[in-house]
Structures are given as structure tokens and as C-alpha cells.
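Student: Compact mmCIF, C-alpha atoms (C1' of nucleotides), saved as start.txt, coming up:
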# COMPACT_ATOMS: atom_id res chain seq x y z
CA MET A 104 -138.21 -68.08 57.20
CA ALA A 105 -139.14 -66.65 60.58
CA THR A 106 -136.82 -63.97 61.99
CA VAL A 107 -134.88 -64.79 65.14
CA SER A 108 -134.43 -62.28 67.97
CA ALA A 109 -131.09 -61.42 69.58
CA LEU A 110 -132.15 -63.58 72.52
CA GLY A 111 -132.76 -66.47 70.12
CA TYR A 112 -129.25 -66.13 68.73
CA ALA A 113 -127.89 -65.89 72.27
CA LEU A 114 -129.42 -69.29 72.99
CA LEU A 115 -128.03 -70.72 69.75
CA CYS A 116 -124.62 -69.34 70.83
CA ALA A 117 -124.96 -71.00 74.22
CA LEU A 118 -125.78 -74.31 72.53
CA HIS A 119 -122.98 -74.16 69.94
CA ARG A 120 -120.62 -76.30 72.04
CA GLY A 121 -123.12 -79.05 72.81
CA PRO A 122 -126.64 -79.92 74.05
CA LEU A 123 -128.03 -78.39 77.24
CA THR A 124 -131.32 -78.57 79.13
CA GLY A 125 -133.45 -75.46 79.62
CA TYR A 126 -132.45 -75.43 83.27
CA GLU A 127 -128.75 -75.51 82.42
CA LEU A 128 -129.25 -72.63 79.99
CA VAL A 129 -130.98 -70.66 82.74
CA GLN A 130 -127.98 -71.21 85.04
CA ARG A 131 -125.46 -70.14 82.38
CA MET A 132 -127.37 -67.03 81.37
CA ARG A 133 -127.74 -65.78 84.93
CA LYS A 134 -124.00 -65.18 85.00
CA PRO A 135 -123.42 -63.36 81.71
CA ILE A 136 -122.51 -65.70 78.86
CA GLY A 137 -119.45 -64.43 77.02
CA TYR A 138 -119.35 -61.93 79.92
CA TYR A 139 -121.77 -59.67 78.02
CA TRP A 140 -125.17 -61.32 77.71
CA THR A 141 -127.78 -62.34 80.27
CA ALA A 142 -131.37 -63.60 80.11
CA GLN A 143 -134.11 -64.47 82.57
CA GLN A 144 -135.69 -67.87 82.98
CA SER A 145 -139.06 -66.48 81.90
CA GLN A 146 -137.55 -65.41 78.57
CA ILE A 147 -135.61 -68.59 77.94
CA TYR A 148 -138.34 -71.23 77.99
CA PRO A 149 -140.68 -69.49 75.52
CA GLU A 150 -137.72 -68.65 73.26
CA LEU A 151 -136.64 -72.32 73.24
CA ALA A 152 -140.17 -73.20 72.12
CA ARG A 153 -139.96 -70.63 69.30
CA LEU A 154 -136.55 -71.84 68.13
CA SER A 155 -137.89 -75.38 68.16
CA ALA A 156 -140.98 -74.36 66.16
CA ASN A 157 -138.63 -72.74 63.61
CA GLY A 158 -136.60 -75.94 63.37
CA LEU A 159 -133.35 -74.38 64.65
CA ILE A 160 -133.14 -76.65 67.69
CA GLU A 161 -134.54 -80.03 68.66
CA HIS A 162 -134.69 -81.98 71.93
CA ASP A 163 -134.85 -85.36 73.60
CA ALA A 164 -137.33 -85.62 76.48
CA GLU A 165 -137.07 -87.80 79.57
CA ALA A 166 -138.99 -87.96 82.85
CA GLY A 167 -137.97 -85.06 85.08
CA PRO A 168 -137.94 -84.76 88.87
CA GLY A 169 -141.07 -82.60 88.90
CA PRO A 170 -144.40 -82.67 87.10
CA ARG A 171 -142.80 -81.83 83.71
CA GLN A 172 -140.41 -83.50 81.33
CA ARG A 173 -136.70 -82.73 81.24
CA LYS A 174 -135.68 -81.66 77.73
CA THR A 175 -132.15 -81.67 76.36
CA HIS A 176 -131.85 -79.18 73.47
CA ARG A 177 -129.34 -79.25 70.63
CA LEU A 178 -128.78 -77.33 67.39
CA THR A 179 -130.18 -78.76 64.17
CA ALA A 180 -128.30 -78.41 60.88
CA ALA A 181 -130.59 -75.44 60.09
CA GLY A 182 -129.76 -73.95 63.48
CA ARG A 183 -126.02 -74.27 62.94
CA GLU A 184 -126.42 -72.65 59.55
CA ALA A 185 -128.54 -69.77 60.92
CA LEU A 186 -125.96 -69.20 63.68
CA ALA A 187 -123.01 -69.22 61.28
CA GLY A 188 -124.81 -66.71 59.05
CA TRP A 189 -125.67 -64.39 61.92
CA LEU A 190 -122.19 -64.45 63.47
CA VAL A 191 -120.59 -62.62 60.55
CA GLU A 192 -123.38 -60.03 60.19
CA PRO A 193 -122.48 -56.54 61.39
CA PRO A 194 -124.48 -55.89 64.56
CA ALA A 195 -127.29 -53.31 64.45
CA PRO A 196 -126.14 -50.30 66.47
CA ARG A 197 -127.63 -50.53 69.95
CA ALA A 198 -128.36 -47.58 72.22
CA PHE A 199 -125.76 -47.37 74.97
CA ARG A 200 -127.20 -46.46 78.32
CA ASP A 201 -124.87 -45.77 81.20
CA GLU A 202 -126.27 -44.19 84.34
CA THR A 203 -122.82 -43.21 85.55
CA LEU A 204 -122.19 -41.15 82.40
CA LEU A 205 -125.68 -39.65 82.65
CA ARG A 206 -124.91 -38.52 86.21
CA THR A 207 -121.55 -37.17 85.10
CA TYR A 208 -123.21 -35.04 82.44
CA ALA A 209 -125.30 -33.26 85.09
CA LEU A 210 -122.55 -33.21 87.68
CA ALA A 211 -122.75 -29.42 88.04
CA ALA A 212 -126.11 -29.90 89.81
CA ALA A 213 -124.62 -32.14 92.53
CA ASP A 214 -122.64 -31.79 95.73
CA PRO A 215 -118.92 -32.33 94.90
CA GLU A 216 -118.17 -34.27 98.09
CA GLY A 217 -121.11 -36.62 97.41
CA MET A 218 -119.94 -37.12 93.84
CA ARG A 219 -116.39 -37.84 95.06
CA GLU A 220 -117.73 -40.72 97.14
CA PHE A 221 -119.85 -41.86 94.21
CA TYR A 222 -116.82 -42.16 91.91
CA LEU A 223 -114.72 -43.90 94.55
CA ALA A 224 -117.49 -46.48 95.02
CA GLU A 225 -117.68 -46.96 91.24
CA ALA A 226 -113.92 -47.51 91.09
CA GLU A 227 -114.20 -50.23 93.71
CA THR A 228 -117.08 -51.93 91.88
CA TYR A 229 -115.07 -52.09 88.67
CA GLN A 230 -111.95 -53.20 90.55
CA ARG A 231 -113.84 -56.19 91.95
CA ARG A 232 -115.18 -57.01 88.51
CA LEU A 233 -111.65 -56.83 87.12
CA ASP A 234 -110.39 -59.22 89.81
CA ALA A 235 -113.07 -61.76 88.87
CA PHE A 236 -112.22 -61.40 85.18
CA GLN A 237 -108.52 -61.91 85.88
CA GLU A 238 -109.25 -65.09 87.78
CA GLN A 239 -111.24 -66.56 84.90
CA HIS A 240 -108.67 -65.34 82.42
CA ALA A 241 -105.91 -67.17 84.29
CA ASP A 242 -108.04 -70.29 84.41
CA LEU A 243 -108.63 -70.27 80.65
CA LEU A 244 -104.94 -69.53 80.01
CA SER A 245 -103.96 -72.57 82.06
CA ARG A 246 -106.09 -74.60 79.67
CA HIS A 247 -104.33 -73.01 76.66
CA ALA A 248 -107.52 -71.29 75.45
CA ASP A 249 -105.37 -68.48 74.02
CA ASP A 250 -104.86 -70.65 70.93
CA PRO A 251 -107.39 -69.47 68.31
CA SER A 252 -108.19 -73.06 67.37
CA HIS A 253 -109.04 -73.97 70.97
CA PRO A 254 -112.82 -74.51 71.39
CA GLN A 255 -112.88 -71.98 74.24
CA PHE A 256 -110.91 -69.29 72.44
CA GLY A 257 -114.11 -67.28 71.99
CA ALA A 258 -114.73 -67.11 75.74
CA TYR A 259 -111.06 -66.27 76.27
CA ALA A 260 -111.28 -63.45 73.72
CA THR A 261 -114.28 -61.82 75.44
CA LEU A 262 -112.22 -61.75 78.63
CA GLU A 263 -109.33 -60.14 76.77
CA LEU A 264 -111.60 -57.23 75.91
CA ALA A 265 -112.88 -56.95 79.47
CA LEU A 266 -109.30 -56.90 80.78
CA ALA A 267 -108.34 -54.20 78.28
CA GLY A 268 -111.41 -52.04 78.84
CA THR A 269 -111.86 -52.10 82.62
CA PRO A 270 -108.58 -50.49 83.83
CA PRO A 271 -109.15 -47.25 81.84
CA ARG A 272 -112.59 -47.03 83.42
CA ILE A 273 -111.14 -47.47 86.90
CA ARG A 274 -108.51 -44.79 86.22
CA TRP A 275 -111.25 -42.47 84.97
CA CYS A 276 -113.31 -42.98 88.15
CA ARG A 277 -110.27 -42.19 90.32
CA TRP A 278 -109.50 -39.12 88.20
CA MET A 279 -113.11 -37.95 88.58
CA ALA A 280 -112.86 -38.40 92.36
CA GLU A 281 -109.76 -36.17 92.35
CA GLN A 282 -111.52 -33.53 90.28
CA MET A 283 -114.41 -33.55 92.73
CA ALA A 284 -112.00 -33.20 95.66
CA GLU A 285 -110.41 -30.22 93.90
CA LEU A 286 -113.86 -28.67 93.38
CA ALA A 287 -114.80 -29.16 97.03
CA ARG A 288 -111.50 -27.60 98.13
CA ARG A 289 -112.15 -24.52 95.99
CA ARG A 290 -115.69 -24.05 97.25
CA GLU A 291 -114.82 -24.38 100.91
CA PRO A 292 -111.23 -23.14 101.13
CA SER A 293 -111.13 -22.98 104.95
CA GLY A 294 -113.08 -26.24 105.60
CA MET B 37 -143.50 -39.16 96.67
CA ALA B 38 -143.80 -40.90 93.30
CA THR B 39 -140.74 -42.78 92.06
CA VAL B 40 -138.99 -41.42 88.98
CA SER B 41 -137.67 -43.66 86.20
CA ALA B 42 -134.17 -43.48 84.75
CA LEU B 43 -135.67 -41.74 81.75
CA GLY B 44 -137.24 -39.18 84.07
CA TYR B 45 -133.85 -38.44 85.63
CA ALA B 46 -132.32 -38.26 82.16
CA LEU B 47 -134.77 -35.47 81.33
CA LEU B 48 -134.01 -33.70 84.60
CA CYS B 49 -130.30 -33.99 83.70
CA ALA B 50 -130.97 -32.50 80.27
CA LEU B 51 -132.83 -29.60 81.88
CA HIS B 52 -130.24 -28.90 84.58
CA ARG B 53 -128.52 -26.14 82.58
CA GLY B 54 -131.71 -24.30 81.67
CA PRO B 55 -135.26 -24.52 80.25
CA LEU B 56 -135.97 -26.39 77.01
CA THR B 57 -139.07 -27.21 74.97
CA GLY B 58 -140.14 -30.81 74.45
CA TYR B 59 -139.01 -30.53 70.86
CA GLU B 60 -135.55 -29.34 71.87
CA LEU B 61 -135.29 -32.24 74.32
CA VAL B 62 -136.21 -34.64 71.52
CA GLN B 63 -133.40 -33.22 69.35
CA ARG B 64 -130.81 -33.48 72.15
CA MET B 65 -131.74 -37.02 73.10
CA ARG B 66 -131.53 -38.32 69.55
CA LYS B 67 -127.79 -37.78 69.65
CA PRO B 68 -126.85 -39.35 72.99
CA ILE B 69 -126.83 -36.85 75.86
CA GLY B 70 -123.60 -37.13 77.84
CA TYR B 71 -122.65 -39.49 74.96
CA TYR B 72 -124.37 -42.37 76.78
CA TRP B 73 -128.11 -41.83 76.91
CA THR B 74 -130.77 -41.61 74.22
CA ALA B 75 -134.58 -41.48 74.20
CA GLN B 76 -137.34 -41.48 71.61
CA GLN B 77 -139.84 -38.73 71.08
CA SER B 78 -142.68 -41.08 72.02
CA GLN B 79 -141.08 -41.64 75.42
CA ILE B 80 -140.22 -38.03 76.10
CA TYR B 81 -143.62 -36.33 75.89
CA PRO B 82 -145.44 -38.70 78.28
CA GLU B 83 -142.48 -38.60 80.68
CA LEU B 84 -142.55 -34.77 80.70
CA ALA B 85 -146.23 -34.99 81.66
CA ARG B 86 -145.40 -37.38 84.51
CA LEU B 87 -142.57 -35.20 85.80
CA SER B 88 -144.91 -32.23 85.67
CA ALA B 89 -147.63 -34.13 87.56
CA ASN B 90 -145.02 -34.96 90.22
CA GLY B 91 -144.05 -31.30 90.53
CA LEU B 92 -140.44 -31.80 89.42
CA ILE B 93 -140.77 -29.59 86.34
CA GLU B 94 -143.10 -26.77 85.26
CA HIS B 95 -143.67 -24.97 81.99
CA ASP B 96 -144.77 -21.80 80.25
CA ALA B 97 -147.07 -22.31 77.25
CA GLU B 98 -147.33 -20.16 74.15
CA ALA B 99 -149.02 -20.58 70.76
CA GLY B 100 -147.06 -23.03 68.64
CA PRO B 101 -146.74 -23.33 64.87
CA GLY B 102 -149.03 -26.35 64.71
CA PRO B 103 -152.32 -27.27 66.34
CA ARG B 104 -150.77 -27.58 69.80
CA GLN B 105 -149.10 -25.28 72.29
CA ARG B 106 -145.36 -24.86 72.55
CA LYS B 107 -144.23 -25.57 76.11
CA THR B 108 -140.94 -24.50 77.66
CA HIS B 109 -140.04 -26.78 80.59
CA ARG B 110 -137.81 -25.97 83.54
CA LEU B 111 -136.85 -27.64 86.82
CA THR B 112 -138.76 -26.70 89.96
CA ALA B 113 -137.01 -26.45 93.34
CA ALA B 114 -138.33 -29.97 94.07
CA GLY B 115 -136.94 -31.16 90.73
CA ARG B 116 -133.51 -29.72 91.43
CA GLU B 117 -133.55 -31.40 94.83
CA ALA B 118 -134.64 -34.78 93.41
CA LEU B 119 -131.89 -34.56 90.78
CA ALA B 120 -129.19 -33.65 93.32
CA GLY B 121 -130.25 -36.60 95.48
CA TRP B 122 -130.25 -39.06 92.61
CA LEU B 123 -126.88 -37.97 91.22
CA VAL B 124 -124.94 -39.26 94.22
CA GLU B 125 -126.85 -42.56 94.47
CA PRO B 126 -124.89 -45.62 93.36
CA PRO B 127 -126.45 -46.84 90.10
CA ALA B 128 -128.38 -50.12 90.11
CA PRO B 129 -126.28 -52.67 88.18
CA ARG B 130 -127.59 -52.88 84.62
CA ALA B 131 -127.31 -55.91 82.37
CA PHE B 132 -124.65 -55.33 79.73
CA ARG B 133 -125.62 -56.62 76.33
CA ASP B 134 -123.06 -56.52 73.55
CA GLU B 135 -123.80 -58.41 70.34
CA THR B 136 -120.16 -58.30 69.30
CA LEU B 137 -119.10 -60.11 72.46
CA LEU B 138 -121.95 -62.59 72.07
CA ARG B 139 -120.73 -63.40 68.56
CA THR B 140 -117.18 -63.69 69.82
CA TYR B 141 -118.23 -66.24 72.41
CA ALA B 142 -119.58 -68.54 69.67
CA LEU B 143 -116.80 -67.74 67.21
CA ALA B 144 -115.85 -71.42 66.86
CA ALA B 145 -119.11 -71.95 64.94
CA ALA B 146 -118.24 -69.34 62.28
CA ASP B 147 -116.10 -69.07 59.18
CA PRO B 148 -112.75 -67.46 60.17
CA GLU B 149 -112.47 -65.35 57.02
CA GLY B 150 -116.01 -64.01 57.55
CA MET B 151 -115.18 -63.18 61.16
CA ARG B 152 -111.97 -61.44 60.12
CA GLU B 153 -114.00 -59.08 57.95
CA PHE B 154 -116.50 -58.65 60.77
CA TYR B 155 -113.80 -57.47 63.21
CA LEU B 156 -112.19 -55.17 60.67
CA ALA B 157 -115.59 -53.52 60.05
CA GLU B 158 -116.08 -53.16 63.81
CA ALA B 159 -112.67 -51.53 64.15
CA GLU B 160 -113.62 -48.99 61.49
CA THR B 161 -116.95 -48.23 63.18
CA TYR B 162 -115.22 -47.50 66.47
CA GLN B 163 -112.50 -45.50 64.74
CA ARG B 164 -115.12 -43.21 63.22
CA ARG B 165 -116.79 -42.85 66.58
CA LEU B 166 -113.44 -41.99 68.14
CA ASP B 167 -112.81 -39.31 65.51
CA ALA B 168 -116.17 -37.68 66.30
CA PHE B 169 -115.42 -37.79 70.03
CA GLN B 170 -112.00 -36.21 69.49
CA GLU B 171 -113.55 -33.38 67.53
CA GLN B 172 -116.02 -32.57 70.29
CA HIS B 173 -113.33 -32.99 72.91
CA ALA B 174 -111.14 -30.42 71.14
CA ASP B 175 -114.11 -28.08 70.91
CA LEU B 176 -114.85 -28.30 74.65
CA LEU B 177 -111.14 -27.92 75.46
CA SER B 178 -111.01 -24.70 73.42
CA ARG B 179 -113.77 -23.42 75.70
CA HIS B 180 -111.76 -24.43 78.81
CA ALA B 181 -114.34 -27.02 79.87
CA ASP B 182 -111.53 -29.09 81.44
CA ASP B 183 -111.84 -26.88 84.51
CA PRO B 184 -114.02 -28.78 87.04
CA SER B 185 -115.91 -25.60 87.90
CA HIS B 186 -116.80 -24.95 84.25
CA PRO B 187 -120.55 -25.55 83.65
CA GLN B 188 -119.72 -27.97 80.81
CA PHE B 189 -117.12 -29.96 82.74
CA GLY B 190 -119.61 -32.85 83.04
CA ALA B 191 -119.98 -33.17 79.27
CA TYR B 192 -116.19 -32.87 78.93
CA ALA B 193 -115.68 -35.64 81.49
CA THR B 194 -117.98 -38.08 79.66
CA LEU B 195 -115.85 -37.52 76.55
CA GLU B 196 -112.70 -38.19 78.56
CA LEU B 197 -114.04 -41.67 79.34
CA ALA B 198 -115.01 -42.30 75.73
CA LEU B 199 -111.52 -41.27 74.59
CA ALA B 200 -109.92 -43.58 77.16
CA GLY B 201 -112.19 -46.55 76.46
CA THR B 202 -112.45 -46.60 72.68
CA PRO B 203 -108.80 -47.16 71.64
CA PRO B 204 -108.49 -50.43 73.61
CA ARG B 205 -111.63 -51.64 71.86
CA ILE B 206 -110.20 -50.77 68.44
CA ARG B 207 -106.92 -52.55 69.28
CA TRP B 208 -108.91 -55.60 70.40
CA CYS B 209 -110.89 -55.68 67.13
CA ARG B 210 -107.65 -55.52 65.12
CA TRP B 211 -106.11 -58.25 67.28
CA MET B 212 -109.18 -60.43 66.74
CA ALA B 213 -108.90 -59.89 62.99
CA GLU B 214 -105.27 -61.10 63.14
CA GLN B 215 -106.28 -64.17 65.14
CA MET B 216 -108.93 -64.99 62.55
CA ALA B 217 -106.38 -64.59 59.75
CA GLU B 218 -104.07 -66.97 61.60
CA LEU B 219 -106.91 -69.48 61.96
CA ALA B 220 -107.78 -69.26 58.27
CA ARG B 221 -104.12 -69.78 57.33
CA ARG B 222 -103.94 -72.92 59.46
CA ARG B 223 -107.13 -74.42 58.06
CA GLU B 224 -106.26 -73.80 54.42
CA PRO B 225 -102.46 -73.92 54.36
CA SER B 226 -102.18 -74.06 50.56
CA GLY B 227 -105.02 -71.62 49.76
C1' DA C 118 -141.77 -78.95 109.38
C1' DC C 119 -139.24 -76.15 106.42
C1' DC C 120 -136.16 -74.86 102.90
C1' DC C 121 -133.25 -75.64 98.83
C1' DC C 122 -132.44 -77.91 94.36
C1' DC C 123 -134.17 -79.70 90.11
C1' DA C 124 -137.10 -78.54 86.06
C1' DT C 125 -140.52 -76.29 83.36
C1' DG C 126 -143.82 -73.11 82.55
C1' DT C 127 -147.26 -68.53 82.87
C1' DA C 128 -148.79 -63.63 84.12
C1' DA C 129 -148.38 -58.77 84.85
C1' DG C 130 -146.18 -54.67 84.10
C1' DG C 131 -142.43 -51.39 82.73
C1' DG C 132 -139.42 -49.56 79.14
C1' DG C 133 -138.14 -48.85 74.39
C1' DT C 134 -138.81 -48.76 69.20
C1' DT C 135 -141.43 -47.94 65.14
C1' DA C 136 -145.07 -45.92 63.12
C1' DC C 137 -149.22 -42.98 62.87
C1' DA C 138 -151.49 -38.38 63.33
C1' DT C 139 -152.25 -33.13 63.13
C1' DG C 140 -151.20 -28.73 60.88
C1' DA C 141 -148.81 -24.23 60.00
C1' DT C 142 -144.51 -22.28 57.98
C1' DT C 143 -140.39 -22.34 55.31
C1' DT C 144 -137.37 -24.28 51.51
C1' DA C 145 -136.42 -26.66 46.92
C1' DT D 244 -146.06 -29.22 44.40
C1' DA D 245 -143.39 -31.61 47.28
C1' DA D 246 -140.47 -31.85 51.14
C1' DA D 247 -138.58 -30.61 55.43
C1' DT D 248 -138.96 -28.15 59.92
C1' DC D 249 -141.41 -26.96 64.02
C1' DA D 250 -144.22 -28.93 67.75
C1' DT D 251 -146.93 -32.14 70.29
C1' DG D 252 -149.19 -36.23 71.00
C1' DT D 253 -151.04 -41.57 70.50
C1' DA D 254 -150.98 -46.74 69.28
C1' DA D 255 -149.04 -51.19 68.61
C1' DC D 256 -145.57 -54.15 69.48
C1' DC D 257 -141.42 -56.29 71.38
C1' DC D 258 -138.17 -57.15 75.04
C1' DC D 259 -137.04 -57.62 79.75
C1' DT D 260 -137.87 -57.98 84.81
C1' DT D 261 -140.36 -59.59 88.73
C1' DA D 262 -143.25 -62.65 90.51
C1' DC D 263 -146.32 -66.69 90.64
C1' DA D 264 -147.14 -71.75 89.98
C1' DT D 265 -146.36 -76.99 90.07
C1' DG D 266 -144.28 -80.94 92.47
C1' DG D 267 -140.80 -84.57 93.55
C1' DG D 268 -136.37 -85.46 96.24
C1' DG D 269 -132.78 -84.40 99.66
C1' DG D 270 -130.86 -81.86 103.69
C1' DT D 271 -131.22 -79.65 108.53
Write out the structure in this file as C-alpha cells.
Tutor:
Amino acid sequence: MATVSALGYALLCALHRGPLTGYELVQRMRKPIGYYWTAQQSQIYPELARLSANGLIEHDAEAGPGPRQRKTHRLTAAGREALAGWLVEPPAPRAFRDETLLRTYALAAADPEGMREFYLAEAETYQRRLDAFQEQHADLLSRHADDPSHPQFGAYATLELALAGTPPRIRWCRWMAEQMAELARRREPSG
Amino acid sequence: MATVSALGYALLCALHRGPLTGYELVQRMRKPIGYYWTAQQSQIYPELARLSANGLIEHDAEAGPGPRQRKTHRLTAAGREALAGWLVEPPAPRAFRDETLLRTYALAAADPEGMREFYLAEAETYQRRLDAFQEQHADLLSRHADDPSHPQFGAYATLELALAGTPPRIRWCRWMAEQMAELARRREPSG
DNA sequence: ACCCCCATGTAAGGGGTTACATGATTTA
DNA sequence: TAAATCATGTAACCCCTTACATGGGGGT
């Protein structure tokens, strides 16, 4: 019973709705799958080989356009079982790392006007991300994915969290920009 | 002009309020600094040596309790300058990875009752985290760290974001638990 | 001629985690 | 006597990122 890495489970997750080739998996995992997981091509191919060796996936092979075969991967019964077991396991606590928060912690060592621009730029970044999320959310809603028995409800639900979590972050960035403006005003009262 | 890693800047951030020994840095970075950055002891000591070689920090050495010297590190003028420059740089986009969201994406492959328990456990985890944040927030408030010119305003501000971002996550977990209950009810209408 | 898309794979290097190692002093 | 604390350092391993490599087919 070989252990499976988080990346391995990510691939099983990506395959849970139907077979995909390695190349298709690479495409999907460039844009984050479930809006919160990415992987590189150079990770994916070796991991597919490992999952296959462990009997969690299997593939059909046909002649590809290049020098190598095109393989279409799908979950085996063992793979479906391993996935179902993992899904309900409480996740091991991961270390959060957020460079913006790290900068904020040491903010006293920075120029307030520079930090004001920093937070405004952050707010814009998150605003653009929110716009993209809203677009995809609307698309899934139009396909009635808000029904928990809909096959895409999972993807819809990840967007729900993104839509709930992003606006507070944007408000915080704007609030930080104001605080920095206030600081700059105090330090140089006459300009 | 050697490049400095994110970890290197994290150490400069940790040192921005005054000198610390390697051991003290290890203690602080076990619990996340700024509530969003951690590092292991085995990373910290080599990184301190690199920062020192690059002239960004320097240290006094005295006899320690064990076989090695006790070193107290502080920022140099060059270190303070490097930190101030980095603080206002827009952060390189990092890959988010969230196992909970990954599981949610593939939720259709799981048992609804198992997932309901999963989300309830998640909600409790975040609730406990929120309680701890609120305690520290109250502590910093009692020391008037909500003033942007207060030396601890940065730490206070990181807590502000945590306090704004965590409740939506808890509400989402509870909502997911309800959705899973609804799904279970539909699949087994008579129990 | 050159670049992009399909399609799969390997190599090198950085960053992070877990565990090992030393050894004196304090606490149970 | 056993452990925890102080204090610094090393080794092995895994994961991830960037880049290299092959080679046919289609577009400009």
C-alpha cells in the first residue's frame, strides 16, 4: 500500500469526472483546478507513472502526433476508492506563506508613501481576480451548478469561497492604503 | 549584489525591531511571524550565514551554554536598505494550494455524510484559530497598536486581515455542511 | 523559414520538512 | 535519572520550478 502525495490526489481529483490525457491534465492544472491547486508539466508525467504503478489509474495508448504515444488515463476501482477515502480525511495543517502579510509585519521599516502604492496595487490585483471569479461563477450558475447534486457543484462551491473571501481582502488593502496616507501626512505635515 | 530569498527577507523582517539570537528567531518563526510566515530551524541557521556573508546582518558572539557560541544578530545599514527596498516591491504571484478546496472540487466522488463531518471539523478548526487571533488582537489593542505610527502597527494590521478573512471561511464551511446534509437526505430519503 | 500546437518525457537546482548531532544547565 | 531548555549546526529527502529535449503537423 504505497502512500500517495498531495499531487497524486490532485490528479485523481482532476480525473474524477472522466478520462483525460497527460497533456489535457497539464492544461487544466496550469490554471488552478478548483481555483486552488496548480502543478507543472514536469511533475505531472512522473506522478501519472507512479499512480499507474500503484494501480490507481490505468490508460489506453494510441499513436500520438510526435515520437511518443498518446495516453488517456482513467481511475481504476482502487483509485476511486483511494480518492473517496482521502476526500473525507482532515487535511494536514499546511504552513501559510503570504508575502504581503510578511511585508505588513515589518511595515515600520518602510516608506509610508511607497507602502501606500503597494497596497493600492494589491487591491487592484485582487479586484481583477474577483472579476474573473464572478464571471466563472455566473457561468456555472447559468448551468444550475448551485444544486448540490449537480456534477459541477464542487467547482461551484470553490468559487463560492473565493467570492466570499476576496472582498474582505480588497477592503483591507484599501484600509491599509488609507493608514499609510495618514502616516505620510503626519510625517510631512507641510508637504 | 547577491539576491536574497523570501526566507532571507523574512529574517530581515523579524530583525527589523531589534537584535535577536538564532535561537530566538527559531522560536518566533515556529509560531508564524506576522501570522503568515514560518520557517524551520534547519533553514534559519544557514540563511543567517548567507545574510551575514552578504553584509545584510552582523553579530556579536559570546560563550554559549553548549559547545557553540551564542550569536546575537542585527541588521546592518545595507540590510535595512535592502529590507526597505523589498517591502514596497509587488510580490511575485505565488501558487495557492489548499487541500480543502481540492477536496471540494472532487466532492462528487465522496460520501456526503463523510464530507458533512469533514466540513464541520474544518469549521471548528477555523473557529479555534479565530479565537486565538481575537485574543492577540485585544492584547495589541490594549497597547494602542491600532495607531499607524505605533511600532507594532504592522503586527496589528496582519491580525486585522485574519479577523476579516476567517469568519467568511467558517460560514462557508457551515454552509457546505448543510449542502452535504441536504444531499444525504435526498439520496436516502427513508434513512 | 519560422513559430505554435500537440504530446510526452528528463535534468538541474532551490526551498522546505524531518531527523540527527553536540553538550552544558536547569527542572521533575 | 530522565527530561526539557538553551544554542548551534548538518544530512537526507521530498516537492516544486525552470529549462531542456524529441518530432510530426499546421499556420504565416
Student: Using only C-alpha atoms (C1' of nucleotides), can you tell me which of B:Arg106, B:Ser178, B:Ala85, B:Ile93 comes closest to chain D?
Tutor: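 Going through B:Arg106, B:Ser178, B:Ala85, B:Ile93 one by one, the smallest distance to chain D is for B:Arg106.
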Student: Using only C-alpha atoms (C1' of nucleotides), select each residue of chain D with any atom at most 7 Å away from an atom of chain A, and give the selection as a VMD selection string.
Tutor: chain D and resid 265 to 267
Student: Neighbouring residues of Ala131 in chain B were defined as those with any atom within 12 Å, considering only C-alpha atoms (C1' of nucleotides); residues of the same chain fewer than 3 positions away were excluded. Please report them as a list in words.
Tutor: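 Result of the neighbour search: Met132, Arg133, Lys134, Pro135, Ile136, Tyr138, Tyr139, Trp140, Thr141, Ala142, Gln143, Phe199, Arg200, Asp201 and Glu202 of chain A; Pro127, Ala128 and Asp134 of chain B; DC259 and DT260 of chain D.
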Student: Limited to C-alpha atoms (C1' of nucleotides), could you put the picked residues into a file as an mmCIF file, keeping the file's coordinate frame?
Tutor:
data_model
loop_
_atom_site.group_PDB
_atom_site.id
_atom_site.type_symbol
_atom_site.label_atom_id
_atom_site.label_comp_id
_atom_site.auth_asym_id
_atom_site.auth_seq_id
_atom_site.Cartn_x
_atom_site.Cartn_y
_atom_site.Cartn_z
ATOM 1 C CA MET A 132 -127.370 -67.030 81.370
ATOM 2 C CA ARG A 133 -127.740 -65.780 84.930
ATOM 3 C CA LYS A 134 -124.000 -65.180 85.000
ATOM 4 C CA PRO A 135 -123.420 -63.360 81.710
ATOM 5 C CA ILE A 136 -122.510 -65.700 78.860
ATOM 6 C CA TYR A 138 -119.350 -61.930 79.920
ATOM 7 C CA TYR A 139 -121.770 -59.670 78.020
ATOM 8 C CA TRP A 140 -125.170 -61.320 77.710
ATOM 9 C CA THR A 141 -127.780 -62.340 80.270
ATOM 10 C CA ALA A 142 -131.370 -63.600 80.110
ATOM 11 C CA GLN A 143 -134.110 -64.470 82.570
ATOM 12 C CA PHE A 199 -125.760 -47.370 74.970
ATOM 13 C CA ARG A 200 -127.200 -46.460 78.320
ATOM 14 C CA ASP A 201 -124.870 -45.770 81.200
ATOM 15 C CA GLU A 202 -126.270 -44.190 84.340
ATOM 16 C CA PRO B 127 -126.450 -46.840 90.100
ATOM 17 C CA ALA B 128 -128.380 -50.120 90.110
ATOM 18 C CA ASP B 134 -123.060 -56.520 73.550
ATOM 19 C "C1'" DC D 259 -137.040 -57.620 79.750
ATOM 20 C "C1'" DT D 260 -137.870 -57.980 84.810
#
Student: Could you jot down the CA of Ala180 in chain A to CA of Ala142 in chain B separation for me, Å, one decimal place?
Tutor: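 CA of Ala142 in chain B lies 15.8 Å from CA of Ala180 in chain A.
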Student: Would you mind telling me which residue in C:DA145, C:DC121, C:DG126, C:DG140 lies nearest to chain A when using only C-alpha atoms (C1' of nucleotides)?
Tutor: C:DG126
Student: Taking only C-alpha atoms into account and nothing else, which residues of chain B lie no more than 7 Å away from chain A? Please answer as a VMD selection string.
Tutor: chain B and resid 46 49 52 70 72 to 74 120 123 to 124 126 to 127 131 to 146 150 to 151 154 184 to 185 187 190 to 191 194 197 200 to 201 204 to 205 208 215 219
Student: Residues of chain C near chain A: apply a cut-off of 7 Å, count only C-alpha atoms (C1' of nucleotides), and supply the list as an mmCIF file with C-alpha atoms (C1' of nucleotides), keeping the file's coordinate frame.
Tutor:
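Output contents, as saved in result_14.cif:
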data_model
loop_
_atom_site.group_PDB
_atom_site.id
_atom_site.type_symbol
_atom_site.label_atom_id
_atom_site.label_comp_id
_atom_site.auth_asym_id
_atom_site.auth_seq_id
_atom_site.Cartn_x
_atom_site.Cartn_y
_atom_site.Cartn_z
ATOM 1 C "C1'" DC C 123 -134.170 -79.700 90.110
ATOM 2 C "C1'" DA C 124 -137.100 -78.540 86.060
ATOM 3 C "C1'" DT C 125 -140.520 -76.290 83.360
#
Student: What is the distance between CA of Arg86 in chain B and C1' of DA254 in chain D, in Å to one decimal?
Tutor: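 These atoms are spaced 18.7 Å apart.
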Student: Please, what distance in Å, to one decimal, runs between CA of Glu165 in chain A and CA of Leu123 in chain A?
Tutor: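 Answer for the CA of Glu165 in chain A to CA of Leu123 in chain A separation: 13.3 Å.
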Student: Need to verify the contact set: DT271 in chain D, 12 Å, all atoms listed in the file, exclusion of same-chain residues closer than 5 positions in sequence. Can you return it as a list in words?
Tutor: DA118, DC119, DC120 and DC121 of chain C
